[in-house]
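Asker: First, the structure itself, so that you have it in front of you.
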Amino acid sequence: KQEVTQIPAALSVPEGENLVLNCSFTDSAIYNLQWFRQDPGKGLTSLLLIQSSQREQTSGRLNASLDKSSGRSTLYIAASQPGDSATYLCAVNSVQGAQKLVFGQGTRLTINP
Amino acid sequence: DAGVTQSPTHLIKTRGQHVTLRCSPISGHKSVSWYQQVLGQGPQFIFQYYEKEERGRGNFPDRFSARQFPNYSSELNVNALLLGDSALYLCASSLARSRNNEQFFGPGTRLTVL
């Protein structure tokens with residue numbers, strides 16, 4: 001059974017800092033991994049999708065890496081801004097079982113002005 | 001282009017009642033999935049539908065059911081509501097049945113069971 005863990009559960013940093021969010025998964029047989037952003041009480045906004053054959057993806061100030069063999073992914077946010085404050089979720093699309101995303105519990109990020 | 005849309009936005013029900021939630025996928029997307037997100041946790045998979053057929057089911061009781069219509073929109077039905085069904089219900093769509101496709105989520109329906 002695929003399990004996804006995100007550490008830390010919460011993170012608070014001053015504006016302008018670069019930061020890294022971590023995601024680990026137990027079964028390396030995946031099709032892809034997605035990072036999402038969720039604002040309080042809202043739906044999920046897809047940030048980056050990394051296919052299993054890829055090592056990283058970049059979008060603006062965001063960079064996500066994937067090490068499938070070790071079951072790890074990181075989301076790097078450069079030059080953080082208060083508008084980046086949200087919960088960040090990673091999800092894996094496993095080869096085994098139904099076509100579904102298995103989510104971590106998220107990292108709640110607060111950027112202080 | 002419109003994204004995934006869901007209705008209603010909020011819903012309040014009492015225990016034992018029935019609820020129907022609706023989802024319209026992105027135009028051209030044929031796959032719809034439903035997730036339940038309890039406060040403070042990540043979303044949990046409920047169902048996936050593709051071409052009007054159920055293609056996957058999560059670990060939820062039979063009180064939960066869904067269907068997909070010819071226009072690829074979908075309904076999630078929950079019978080005999082329990083307090084524990086209070087959650088944000090998210091719908092996601094993707095282009096096709098391929099497991100490599102990116103999934104796009106709607107804004108969700110907030111269900112409160114009293």
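The way I read the labels, and the way they are meant: chains A, B, ... in the order of the structure tokens, residue 1 as the first residue of every chain, and ligand 1 as the first ligand shown, with later ones counted on from there.
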Residues of chain B were defined as contacting chain A if any atom lay at most 6 Å from it, counting only C-alpha atoms; please report them as a PyMOL selection string.
Answerer: chain B and resi 41-42+56+100+105-108
Asker: Got a sec: who's within 12 Å of B:Ile46, counting only C-alpha atoms, leaving out chain neighbours fewer than 5 positions off, as JSON, numbers by chain?
Answerer: {"A": [98, 99, 100, 101, 102], "B": [32, 33, 34, 35, 36, 37, 54, 55, 56, 57, 58, 59, 60, 61, 62, 63, 64, 65, 66, 76, 77, 78, 89, 90, 91, 92]}
Asker: Any chance you could export the current selection's N, CA, C and O atoms as a CSV table (one decimal), in the first residue's frame?
Answerer:
chain,number,residue,atom,x,y,z
A,98,ALA,N,-6.0,1.0,-8.4
A,98,ALA,CA,-6.8,1.9,-9.2
A,98,ALA,C,-6.0,3.2,-9.6
A,98,ALA,O,-5.1,3.6,-9.0
A,99,GLN,N,-6.5,3.8,-10.7
A,99,GLN,CA,-5.9,5.1,-11.1
A,99,GLN,C,-6.4,6.1,-10.1
A,99,GLN,O,-7.5,6.6,-10.1
A,100,LYS,N,-5.4,6.5,-9.2
A,100,LYS,CA,-5.8,7.5,-8.2
A,100,LYS,C,-4.5,8.2,-7.7
A,100,LYS,O,-3.4,7.7,-7.9
A,101,LEU,N,-4.7,9.3,-7.1
A,101,LEU,CA,-3.6,10.0,-6.5
A,101,LEU,C,-3.6,9.7,-5.0
A,101,LEU,O,-4.7,9.7,-4.3
A,102,VAL,N,-2.4,9.4,-4.4
A,102,VAL,CA,-2.3,9.2,-3.0
A,102,VAL,C,-1.6,10.4,-2.5
A,102,VAL,O,-0.4,10.7,-2.9
B,32,VAL,N,-13.1,11.5,-14.7
B,32,VAL,CA,-13.5,12.3,-13.5
B,32,VAL,C,-13.2,11.5,-12.2
B,32,VAL,O,-13.6,10.3,-12.2
B,33,SER,N,-12.6,12.1,-11.2
B,33,SER,CA,-12.3,11.4,-10.0
B,33,SER,C,-12.9,12.2,-8.8
B,33,SER,O,-13.0,13.4,-8.9
B,34,TRP,N,-13.3,11.5,-7.8
B,34,TRP,CA,-13.8,12.2,-6.6
B,34,TRP,C,-12.9,11.9,-5.4
B,34,TRP,O,-12.4,10.7,-5.2
B,35,TYR,N,-12.7,12.9,-4.5
B,35,TYR,CA,-11.8,12.8,-3.3
B,35,TYR,C,-12.6,13.4,-2.2
B,35,TYR,O,-13.3,14.4,-2.3
B,36,GLN,N,-12.3,12.9,-1.0
B,36,GLN,CA,-12.8,13.5,0.3
B,36,GLN,C,-11.6,14.0,1.1
B,36,GLN,O,-10.6,13.3,1.3
B,37,GLN,N,-11.7,15.3,1.5
B,37,GLN,CA,-10.7,15.8,2.3
B,37,GLN,C,-11.2,16.3,3.7
B,37,GLN,O,-12.0,17.3,3.7
B,54,GLU,N,-17.2,3.0,-13.9
B,54,GLU,CA,-16.4,3.1,-12.8
B,54,GLU,C,-15.1,2.3,-13.0
B,54,GLU,O,-15.1,1.1,-13.4
B,55,ARG,N,-14.0,3.0,-12.8
B,55,ARG,CA,-12.7,2.4,-13.1
B,55,ARG,C,-11.9,2.2,-11.8
B,55,ARG,O,-10.8,1.6,-11.9
B,56,GLY,N,-12.3,2.8,-10.7
B,56,GLY,CA,-11.6,2.6,-9.5
B,56,GLY,C,-12.5,3.1,-8.3
B,56,GLY,O,-13.3,4.0,-8.5
B,57,ARG,N,-12.3,2.4,-7.2
B,57,ARG,CA,-13.0,2.7,-6.0
B,57,ARG,C,-12.1,2.7,-4.8
B,57,ARG,O,-11.3,1.7,-4.7
B,58,GLY,N,-12.2,3.7,-4.0
B,58,GLY,CA,-11.4,3.7,-2.7
B,58,GLY,C,-12.1,3.0,-1.6
B,58,GLY,O,-13.2,2.4,-1.8
B,59,ASN,N,-11.5,3.1,-0.4
B,59,ASN,CA,-12.0,2.4,0.7
B,59,ASN,C,-13.1,3.2,1.4
B,59,ASN,O,-12.9,3.7,2.5
B,60,PHE,N,-14.3,3.3,0.8
B,60,PHE,CA,-15.4,4.0,1.3
B,60,PHE,C,-16.6,3.0,1.3
B,60,PHE,O,-16.7,2.1,0.5
B,61,PRO,N,-17.6,3.2,2.3
B,61,PRO,CA,-18.7,2.3,2.4
B,61,PRO,C,-19.7,2.5,1.2
B,61,PRO,O,-19.6,3.4,0.4
B,62,ASP,N,-20.6,1.5,1.1
B,62,ASP,CA,-21.5,1.5,0.0
B,62,ASP,C,-22.5,2.7,0.0
B,62,ASP,O,-23.2,2.9,-1.0
B,63,ARG,N,-22.5,3.4,1.1
B,63,ARG,CA,-23.3,4.6,1.1
B,63,ARG,C,-22.9,5.7,0.1
B,63,ARG,O,-23.7,6.5,-0.3
B,64,PHE,N,-21.7,5.5,-0.3
B,64,PHE,CA,-21.1,6.4,-1.4
B,64,PHE,C,-21.3,5.8,-2.7
B,64,PHE,O,-21.0,4.6,-2.9
B,65,SER,N,-21.9,6.5,-3.7
B,65,SER,CA,-22.0,6.1,-5.0
B,65,SER,C,-21.8,7.2,-6.0
B,65,SER,O,-21.9,8.4,-5.6
B,66,ALA,N,-21.6,6.9,-7.2
B,66,ALA,CA,-21.3,8.0,-8.2
B,66,ALA,C,-21.8,7.5,-9.6
B,66,ALA,O,-22.0,6.3,-9.8
B,76,LEU,N,-21.8,12.7,-7.3
B,76,LEU,CA,-21.4,11.9,-6.2
B,76,LEU,C,-22.6,11.9,-5.2
B,76,LEU,O,-23.1,12.9,-4.9
B,77,ASN,N,-23.1,10.7,-4.9
B,77,ASN,CA,-24.2,10.6,-3.9
B,77,ASN,C,-23.8,9.9,-2.6
B,77,ASN,O,-23.0,9.0,-2.7
B,78,VAL,N,-24.2,10.5,-1.5
B,78,VAL,CA,-23.9,9.9,-0.2
B,78,VAL,C,-25.3,9.7,0.5
B,78,VAL,O,-26.0,10.7,0.7
B,89,TYR,N,-15.4,18.0,-0.5
B,89,TYR,CA,-15.4,17.0,-1.5
B,89,TYR,C,-14.9,17.6,-2.8
B,89,TYR,O,-15.4,18.6,-3.3
B,90,LEU,N,-13.8,17.0,-3.3
B,90,LEU,CA,-13.1,17.5,-4.5
B,90,LEU,C,-13.3,16.6,-5.7
B,90,LEU,O,-13.3,15.4,-5.6
B,91,CYS,N,-13.5,17.3,-6.8
B,91,CYS,CA,-13.6,16.6,-8.1
B,91,CYS,C,-12.4,16.9,-8.9
B,91,CYS,O,-11.9,18.1,-8.9
B,92,ALA,N,-11.8,15.9,-9.6
B,92,ALA,CA,-10.7,16.2,-10.5
B,92,ALA,C,-11.0,15.6,-11.8
B,92,ALA,O,-11.6,14.5,-12.0
Asker: Mind checking which residues fall within 8 Å of A:Leu75, counting only C-alpha atoms, ignoring those fewer than 4 positions away in the same chain, and posting them as a list in words?
Answerer: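 Those residues are Val20, Leu21, Asn22, Trp35, Leu62, Asn63, Ala64 and Ser65 of chain A.
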Asker: Residues at most 7 Å from B:Ala87, counting only C-alpha atoms, excluding those fewer than 3 positions away in the same chain, as a VMD selection string?
Answerer: chain B and resid 36 to 39 110 to 112
Asker: So that I can see what lies close to A:Ser80, please list as a VMD selection string the residues with an atom at most 9 Å from it, counting only C-alpha atoms and leaving out residues fewer than 4 positions away in the same chain.
Answerer: chain A and resid 13 to 19 61 84 to 85 111
Asker: Could the residues in this selection be saved with C-alpha atoms as a tab-separated table (two decimals), in the first residue's frame?
Answerer:
chain	number	residue	atom	x	y	z
A	13	VAL	CA	9.99	31.68	7.35
A	14	PRO	CA	10.69	35.36	6.69
A	15	GLU	CA	10.02	36.81	3.27
A	16	GLY	CA	12.81	36.44	0.73
A	17	GLU	CA	14.18	33.14	1.99
A	18	ASN	CA	14.66	30.11	-0.22
A	19	LEU	CA	13.01	27.00	1.18
A	61	ARG	CA	10.34	30.33	-8.76
A	84	ASP	CA	3.24	31.89	-1.23
A	85	SER	CA	1.58	31.22	2.13
A	111	ILE	CA	5.82	33.54	4.80
Asker: Find the residues near A:Thr26: any atom within 7 Å, counting only C-alpha atoms, skip ones fewer than 6 places away on the same chain, and give them as JSON, numbers by chain.
Answerer: {"A": [2, 3, 4, 71]}
Asker: Could the residues in this selection be written to a file with N, CA, C and O atoms, as a PDB file, in the first residue's frame?
Answerer:
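For reference, result.pdb as written:
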ATOM      1  N   GLN A   2       0.624   2.129  -0.961  1.00  0.00           N
ATOM      2  CA  GLN A   2       1.415   3.359  -1.061  1.00  0.00           C
ATOM      3  C   GLN A   2       1.091   4.306   0.087  1.00  0.00           C
ATOM      4  O   GLN A   2      -0.072   4.558   0.394  1.00  0.00           O
ATOM      5  N   GLU A   3       2.140   4.834   0.714  1.00  0.00           N
ATOM      6  CA  GLU A   3       1.975   5.846   1.742  1.00  0.00           C
ATOM      7  C   GLU A   3       2.875   7.032   1.421  1.00  0.00           C
ATOM      8  O   GLU A   3       4.018   6.864   0.989  1.00  0.00           O
ATOM      9  N   VAL A   4       2.341   8.236   1.626  1.00  0.00           N
ATOM     10  CA  VAL A   4       3.070   9.466   1.315  1.00  0.00           C
ATOM     11  C   VAL A   4       3.189  10.297   2.590  1.00  0.00           C
ATOM     12  O   VAL A   4       2.190  10.485   3.303  1.00  0.00           O
ATOM     13  N   GLY A  71      12.428   7.095  -3.309  1.00  0.00           N
ATOM     14  CA  GLY A  71      11.089   7.475  -2.862  1.00  0.00           C
ATOM     15  C   GLY A  71      11.025   8.872  -2.286  1.00  0.00           C
ATOM     16  O   GLY A  71      10.366   9.086  -1.258  1.00  0.00           O
TER      17      GLY A  71
END
